[in-house]
Amino acid sequence: MDTLKEDLKKQIIEQLNLEDITPADISDDNLLFNEEGLNLDSIDALELIVLLEKYHGIQVTNPDEGKVAFRSINSMAEYIRKRKS
Amino acid sequence: MNFVTGYCRLNEDFCAVNGEVISRRDVDSEDSWFKQIYKEQEFVYPKFYKMDLLSQAGFLGAELIKRANLRVAGSYPDDEIAMIFANSSSSTDTDMRFLRSYEGNSSPSPSLFVYTLPNIVLGEIAILNKWYGENMFAILPNFEPGFYINYLNITKSGGSKAALCGWLEILEGKVDVFLFFVEENEETGTPLNAENLASLFNHKPSIN
């Protein structure tokens, strides 16, 4: 099990107040902003930026980077690893 | 002639619809009081969890009135239901929470920030119900029946046929919420006048 991805799921649930959702409900390749995924909205996107800074010490300053990074749990984990390497 | 055809009263201890208590606060529950009502009434609207207390109270009151009077939701075109709300503390409760989030961890919450205006509750109810009629949120010193009666006449002249009205006062744990639905020519309701409105607002259902 990828610990970073599992942590990200818990952090997203906590940060975005997704009370009816458990980490098991989020698959690694679910599109976060798609109706068939978590159906997040633009305010949630801002919360994800806060989440990256709060839990991972990463500041997203380039909007294009965020667009790619926030597609799924997989892409978020990849982005975090890349920024920390 | 206007009539109050449904109303919801909510304070720190109970929630009543049309004069009957439907939920009492469990002080031992881990859930917040509004969350207790949401769960007890088996609502399914995940956005509820993201709302501030003002919007949660507006959501609960509007949905409970609709449940008690199913005609409310389906009888009017989407632009004929107005919303007229007021309170005395504006969004101060949420403003303070936002301030604390800013001071506490230097990462202010964007989702909290969007609720730092009192009229956001109107948008939440409008989005959920697809009600696109006139709406306004006034800041007044106290619950004032005359304000609703006068403003209902204004919305009526603009084409509204019904209105969801509300007093939504929430501040530092104090909850004083009263939502009521007003319709024309529905004589099963309570005639809308200052005396009746004050009476419904001040009526405290007995809690056994």
# chains A, B, ... in the order shown; residues from 1 in each chain; ligands from 1
call {"tool": "residues_around", "arguments": {"residues": "region 109-122 of chain B", "least_positions_apart": "6", "cutoff": "9 Å", "atoms": "only C-alpha atoms", "output": "PyMOL selection string"}}
result
(chain A and resi 15-16+43-44+46-47+50) or (chain B and resi 50-52+54-59+83-87+89-95+97-98+101-102+135-139)
call {"tool": "write_last_selection", "arguments": {"atoms": "N, CA and C atoms", "output": "mmCIF file, in the first residue's frame"}}
result
data_model
loop_
_atom_site.group_PDB
_atom_site.id
_atom_site.type_symbol
_atom_site.label_atom_id
_atom_site.label_comp_id
_atom_site.auth_asym_id
_atom_site.auth_seq_id
_atom_site.Cartn_x
_atom_site.Cartn_y
_atom_site.Cartn_z
ATOM 1 N N GLN A 15 -9.761 17.875 5.187
ATOM 2 C CA GLN A 15 -9.670 19.280 4.764
ATOM 3 C C GLN A 15 -10.943 19.755 4.061
ATOM 4 N N LEU A 16 -11.585 18.830 3.315
ATOM 5 C CA LEU A 16 -12.746 19.229 2.516
ATOM 6 C C LEU A 16 -14.084 18.864 3.178
ATOM 7 N N ILE A 43 -13.882 25.933 -5.061
ATOM 8 C CA ILE A 43 -13.464 26.219 -3.678
ATOM 9 C C ILE A 43 -12.653 25.055 -3.124
ATOM 10 N N ASP A 44 -13.064 23.836 -3.499
ATOM 11 C CA ASP A 44 -12.299 22.659 -3.078
ATOM 12 C C ASP A 44 -10.879 22.713 -3.640
ATOM 13 N N LEU A 46 -9.110 25.320 -4.096
ATOM 14 C CA LEU A 46 -8.338 26.200 -3.210
ATOM 15 C C LEU A 46 -7.959 25.472 -1.919
ATOM 16 N N GLU A 47 -8.887 24.642 -1.438
ATOM 17 C CA GLU A 47 -8.588 23.867 -0.221
ATOM 18 C C GLU A 47 -7.452 22.872 -0.476
ATOM 19 N N VAL A 50 -4.277 24.690 -0.084
ATOM 20 C CA VAL A 50 -3.990 24.853 1.353
ATOM 21 C C VAL A 50 -3.472 23.537 1.936
ATOM 22 N N LYS B 50 -20.216 21.102 4.424
ATOM 23 C CA LYS B 50 -19.268 22.181 4.116
ATOM 24 C C LYS B 50 -19.821 23.554 4.486
ATOM 25 N N MET B 51 -21.120 23.609 4.764
ATOM 26 C CA MET B 51 -21.757 24.905 5.012
ATOM 27 C C MET B 51 -21.390 25.455 6.384
ATOM 28 N N ASP B 52 -21.509 26.772 6.531
ATOM 29 C CA ASP B 52 -21.392 27.373 7.858
ATOM 30 C C ASP B 52 -22.731 27.204 8.589
ATOM 31 N N LEU B 54 -25.004 29.294 9.578
ATOM 32 C CA LEU B 54 -26.126 30.060 9.032
ATOM 33 C C LEU B 54 -26.764 29.299 7.859
ATOM 34 N N SER B 55 -25.929 28.801 6.973
ATOM 35 C CA SER B 55 -26.448 28.071 5.814
ATOM 36 C C SER B 55 -27.025 26.720 6.230
ATOM 37 N N GLN B 56 -26.400 26.072 7.205
ATOM 38 C CA GLN B 56 -26.964 24.800 7.682
ATOM 39 C C GLN B 56 -28.353 25.022 8.271
ATOM 40 N N ALA B 57 -28.506 26.100 9.041
ATOM 41 C CA ALA B 57 -29.815 26.389 9.638
ATOM 42 C C ALA B 57 -30.842 26.693 8.545
ATOM 43 N N GLY B 58 -30.444 27.472 7.544
ATOM 44 C CA GLY B 58 -31.354 27.787 6.441
ATOM 45 C C GLY B 58 -31.739 26.548 5.662
ATOM 46 N N PHE B 59 -30.743 25.679 5.407
ATOM 47 C CA PHE B 59 -31.012 24.420 4.704
ATOM 48 C C PHE B 59 -32.026 23.583 5.483
ATOM 49 N N MET B 83 -37.274 35.055 -1.476
ATOM 50 C CA MET B 83 -36.708 34.736 -0.158
ATOM 51 C C MET B 83 -36.366 36.032 0.562
ATOM 52 N N ILE B 84 -36.885 36.145 1.771
ATOM 53 C CA ILE B 84 -36.695 37.374 2.551
ATOM 54 C C ILE B 84 -36.174 36.980 3.930
ATOM 55 N N PHE B 85 -34.902 37.214 4.148
ATOM 56 C CA PHE B 85 -34.269 36.783 5.395
ATOM 57 C C PHE B 85 -33.704 37.981 6.148
ATOM 58 N N ALA B 86 -33.485 37.791 7.425
ATOM 59 C CA ALA B 86 -32.884 38.851 8.236
ATOM 60 C C ALA B 86 -32.243 38.234 9.481
ATOM 61 N N ASN B 87 -31.358 38.978 10.091
ATOM 62 C CA ASN B 87 -30.856 38.650 11.427
ATOM 63 C C ASN B 87 -30.190 39.900 12.000
ATOM 64 N N SER B 89 -26.929 39.679 13.665
ATOM 65 C CA SER B 89 -25.472 39.539 13.789
ATOM 66 C C SER B 89 -24.783 39.272 12.468
ATOM 67 N N SER B 90 -25.515 39.410 11.370
ATOM 68 C CA SER B 90 -24.935 39.189 10.046
ATOM 69 C C SER B 90 -24.202 37.839 10.039
ATOM 70 N N SER B 91 -22.990 37.803 9.510
ATOM 71 C CA SER B 91 -22.229 36.541 9.475
ATOM 72 C C SER B 91 -21.114 36.551 10.519
ATOM 73 N N THR B 92 -21.307 37.302 11.607
ATOM 74 C CA THR B 92 -20.238 37.474 12.602
ATOM 75 C C THR B 92 -19.708 36.143 13.132
ATOM 76 N N ASP B 93 -20.607 35.174 13.351
ATOM 77 C CA ASP B 93 -20.179 33.888 13.897
ATOM 78 C C ASP B 93 -19.132 33.243 12.979
ATOM 79 N N THR B 94 -19.403 33.263 11.672
ATOM 80 C CA THR B 94 -18.464 32.680 10.710
ATOM 81 C C THR B 94 -17.243 33.577 10.532
ATOM 82 N N ASP B 95 -17.455 34.879 10.568
ATOM 83 C CA ASP B 95 -16.322 35.810 10.454
ATOM 84 C C ASP B 95 -15.293 35.516 11.551
ATOM 85 N N ARG B 97 -14.894 32.667 13.189
ATOM 86 C CA ARG B 97 -14.252 31.365 12.934
ATOM 87 C C ARG B 97 -13.164 31.521 11.882
ATOM 88 N N PHE B 98 -13.456 32.323 10.855
ATOM 89 C CA PHE B 98 -12.470 32.533 9.799
ATOM 90 C C PHE B 98 -11.237 33.252 10.359
ATOM 91 N N SER B 101 -9.166 30.825 12.203
ATOM 92 C CA SER B 101 -8.425 29.911 11.312
ATOM 93 C C SER B 101 -7.212 30.618 10.734
ATOM 94 N N TYR B 102 -7.346 31.897 10.528
ATOM 95 C CA TYR B 102 -6.257 32.703 9.965
ATOM 96 C C TYR B 102 -5.146 32.872 10.996
ATOM 97 N N ASN B 135 -34.615 38.011 -3.860
ATOM 98 C CA ASN B 135 -34.205 37.650 -2.503
ATOM 99 C C ASN B 135 -33.448 38.802 -1.859
ATOM 100 N N MET B 136 -33.512 38.839 -0.564
ATOM 101 C CA MET B 136 -32.769 39.867 0.170
ATOM 102 C C MET B 136 -32.500 39.399 1.598
ATOM 103 N N PHE B 137 -31.411 39.891 2.155
ATOM 104 C CA PHE B 137 -31.050 39.572 3.537
ATOM 105 C C PHE B 137 -30.798 40.900 4.247
ATOM 106 N N ALA B 138 -31.614 41.186 5.245
ATOM 107 C CA ALA B 138 -31.491 42.464 5.958
ATOM 108 C C ALA B 138 -30.856 42.249 7.337
ATOM 109 N N ILE B 139 -30.155 43.254 7.802
ATOM 110 C CA ILE B 139 -29.618 43.224 9.165
ATOM 111 C C ILE B 139 -30.476 44.174 9.999
#
call {"tool": "select_by_dssp", "arguments": {"residues": "chain A", "states": "alpha helix (DSSP H)", "output": "PyMOL selection string"}}
result
chain A and resi 3-15+42-56+63-69+73-84
call {"tool": "write_last_selection", "arguments": {"atoms": "C-alpha atoms", "output": "PDB file, in the first residue's frame"}}
result
ATOM      1  CA  THR A   3       1.333   5.371   2.361  1.00  0.00           C
ATOM      2  CA  LEU A   4       1.455   8.783   0.692  1.00  0.00           C
ATOM      3  CA  LYS A   5      -1.706   8.064  -1.321  1.00  0.00           C
ATOM      4  CA  GLU A   6      -3.545   6.740   1.729  1.00  0.00           C
ATOM      5  CA  ASP A   7      -2.490   9.804   3.724  1.00  0.00           C
ATOM      6  CA  LEU A   8      -3.660  12.075   0.897  1.00  0.00           C
ATOM      7  CA  LYS A   9      -7.111  10.475   0.916  1.00  0.00           C
ATOM      8  CA  LYS A  10      -7.439  11.016   4.675  1.00  0.00           C
ATOM      9  CA  GLN A  11      -6.181  14.589   4.370  1.00  0.00           C
ATOM     10  CA  ILE A  12      -8.628  15.384   1.561  1.00  0.00           C
ATOM     11  CA  ILE A  13     -11.554  13.996   3.566  1.00  0.00           C
ATOM     12  CA  GLU A  14     -10.481  16.046   6.597  1.00  0.00           C
ATOM     13  CA  GLN A  15      -9.670  19.280   4.764  1.00  0.00           C
ATOM     14  CA  SER A  42     -13.455  25.503  -7.431  1.00  0.00           C
ATOM     15  CA  ILE A  43     -13.464  26.219  -3.678  1.00  0.00           C
ATOM     16  CA  ASP A  44     -12.299  22.659  -3.078  1.00  0.00           C
ATOM     17  CA  ALA A  45      -9.419  23.344  -5.473  1.00  0.00           C
ATOM     18  CA  LEU A  46      -8.338  26.200  -3.210  1.00  0.00           C
ATOM     19  CA  GLU A  47      -8.588  23.867  -0.221  1.00  0.00           C
ATOM     20  CA  LEU A  48      -6.293  21.389  -2.005  1.00  0.00           C
ATOM     21  CA  ILE A  49      -3.730  24.168  -2.395  1.00  0.00           C
ATOM     22  CA  VAL A  50      -3.990  24.853   1.353  1.00  0.00           C
ATOM     23  CA  LEU A  51      -3.704  21.097   2.012  1.00  0.00           C
ATOM     24  CA  LEU A  52      -0.450  20.797   0.069  1.00  0.00           C
ATOM     25  CA  GLU A  53       1.076  23.650   2.018  1.00  0.00           C
ATOM     26  CA  LYS A  54      -0.282  22.562   5.401  1.00  0.00           C
ATOM     27  CA  TYR A  55       0.583  18.852   5.252  1.00  0.00           C
ATOM     28  CA  HIS A  56       3.433  18.734   2.726  1.00  0.00           C
ATOM     29  CA  PRO A  63      -2.001  27.492 -11.780  1.00  0.00           C
ATOM     30  CA  ASP A  64      -1.109  25.181 -14.697  1.00  0.00           C
ATOM     31  CA  GLU A  65       0.761  22.892 -12.316  1.00  0.00           C
ATOM     32  CA  GLY A  66      -2.273  22.663 -10.041  1.00  0.00           C
ATOM     33  CA  LYS A  67      -4.509  21.766 -12.952  1.00  0.00           C
ATOM     34  CA  VAL A  68      -2.415  18.704 -13.713  1.00  0.00           C
ATOM     35  CA  ALA A  69      -1.549  17.834 -10.115  1.00  0.00           C
ATOM     36  CA  ILE A  73      -4.747  10.883  -6.085  1.00  0.00           C
ATOM     37  CA  ASN A  74      -2.121   9.357  -8.393  1.00  0.00           C
ATOM     38  CA  SER A  75      -1.250  12.718  -9.930  1.00  0.00           C
ATOM     39  CA  MET A  76      -1.201  14.464  -6.537  1.00  0.00           C
ATOM     40  CA  ALA A  77       1.194  11.861  -5.132  1.00  0.00           C
ATOM     41  CA  GLU A  78       3.380  12.127  -8.225  1.00  0.00           C
ATOM     42  CA  TYR A  79       3.428  15.932  -7.922  1.00  0.00           C
ATOM     43  CA  ILE A  80       4.393  15.812  -4.226  1.00  0.00           C
ATOM     44  CA  ARG A  81       7.212  13.337  -4.878  1.00  0.00           C
ATOM     45  CA  LYS A  82       8.506  15.415  -7.782  1.00  0.00           C
ATOM     46  CA  ARG A  83       8.477  18.629  -5.761  1.00  0.00           C
ATOM     47  CA  LYS A  84      10.239  16.985  -2.835  1.00  0.00           C
TER      48      LYS A  84
END
call {"tool": "residues_around", "arguments": {"residues": "region 174-181 of chain B", "least_positions_apart": "5", "cutoff": "6 Å", "atoms": "only C-alpha atoms", "output": "ChimeraX atom specification"}}
result
/B:4-12,61,163-169
call {"tool": "write_last_selection", "arguments": {"atoms": "C-alpha atoms", "output": "mmCIF file, in the first residue's frame"}}
result
data_model
loop_
_atom_site.group_PDB
_atom_site.id
_atom_site.type_symbol
_atom_site.label_atom_id
_atom_site.label_comp_id
_atom_site.auth_asym_id
_atom_site.auth_seq_id
_atom_site.Cartn_x
_atom_site.Cartn_y
_atom_site.Cartn_z
ATOM 1 C CA VAL B 4 -48.224 31.350 6.619
ATOM 2 C CA THR B 5 -48.534 27.779 5.363
ATOM 3 C CA GLY B 6 -45.550 26.265 7.136
ATOM 4 C CA TYR B 7 -42.918 27.248 9.674
ATOM 5 C CA CYS B 8 -39.873 25.911 11.456
ATOM 6 C CA ARG B 9 -38.510 27.039 14.817
ATOM 7 C CA LEU B 10 -35.010 26.136 15.863
ATOM 8 C CA ASN B 11 -33.050 27.092 18.965
ATOM 9 C CA GLU B 12 -30.187 25.588 20.996
ATOM 10 C CA GLY B 61 -35.489 25.018 8.007
ATOM 11 C CA ALA B 163 -41.915 33.532 -0.243
ATOM 12 C CA LEU B 164 -39.666 31.717 2.144
ATOM 13 C CA CYS B 165 -38.960 34.126 4.988
ATOM 14 C CA GLY B 166 -36.535 33.744 7.826
ATOM 15 C CA TRP B 167 -34.969 35.118 10.957
ATOM 16 C CA LEU B 168 -31.570 33.408 11.256
ATOM 17 C CA GLU B 169 -29.741 34.637 14.337
#
call {"tool": "closest_residue", "arguments": {"among": "A:Asp41, A:Asp29, A:Asp2, A:Glu36", "to": "chain B", "atoms": "only C-alpha atoms"}}
result
A:Asp41
call {"tool": "closest_residue", "arguments": {"among": "A:Asn17, A:Ser27, A:Thr61, A:Thr22", "to": "chain B", "atoms": "only C-alpha atoms"}}
result
A:Asn17
call {"tool": "closest_residue", "arguments": {"among": "B:Asp31, B:Glu172, B:Glu40, B:Glu20", "to": "chain A", "atoms": "only C-alpha atoms"}}
result
B:Asp31
call {"tool": "select_by_dssp", "arguments": {"residues": "region 102-173 of chain B", "states": "strand (DSSP E)", "output": "PyMOL selection string"}}
result
chain B and resi 135-139+162-171
call {"tool": "residues_around", "arguments": {"residues": "Thr155 (chain B)", "least_positions_apart": "3", "cutoff": "12 Å", "atoms": "only C-alpha atoms", "output": "list in words"}}
result
Asp79, Glu80, Ile81, Ala82, Met83, Ile84, Gly133, Glu134, Asn135, Met136, Tyr148, Ile149, Asn150, Tyr151, Leu152, Gly158, Gly159, Ser160, Lys161, Ala162, Ala163, Leu164, Cys165 and Val182 of chain B
call {"tool": "residues_around", "arguments": {"residues": "Arg67 (chain B)", "least_positions_apart": "2", "cutoff": "12 Å", "atoms": "only C-alpha atoms", "output": "list in words"}}
result
Gly6, Tyr7, Cys8, Val17, Asn18, Gln41, Glu42, Phe43, Leu60, Gly61, Ala62, Glu63, Leu64, Ile65, Asn69, Leu70, Arg71, Val72, Ala73 and Gly74 of chain B
call {"tool": "closest_residue", "arguments": {"among": "A:Gln59, A:Ser72, A:Asn30, A:Asn39", "to": "Pro46 (chain B)", "atoms": "only C-alpha atoms"}}
result
A:Asn39
call {"tool": "closest_residue", "arguments": {"among": "A:Leu40, A:Ala24, A:Leu18, A:Ile58", "to": "Phe70 (chain A)", "atoms": "only C-alpha atoms"}}
result
A:Leu40
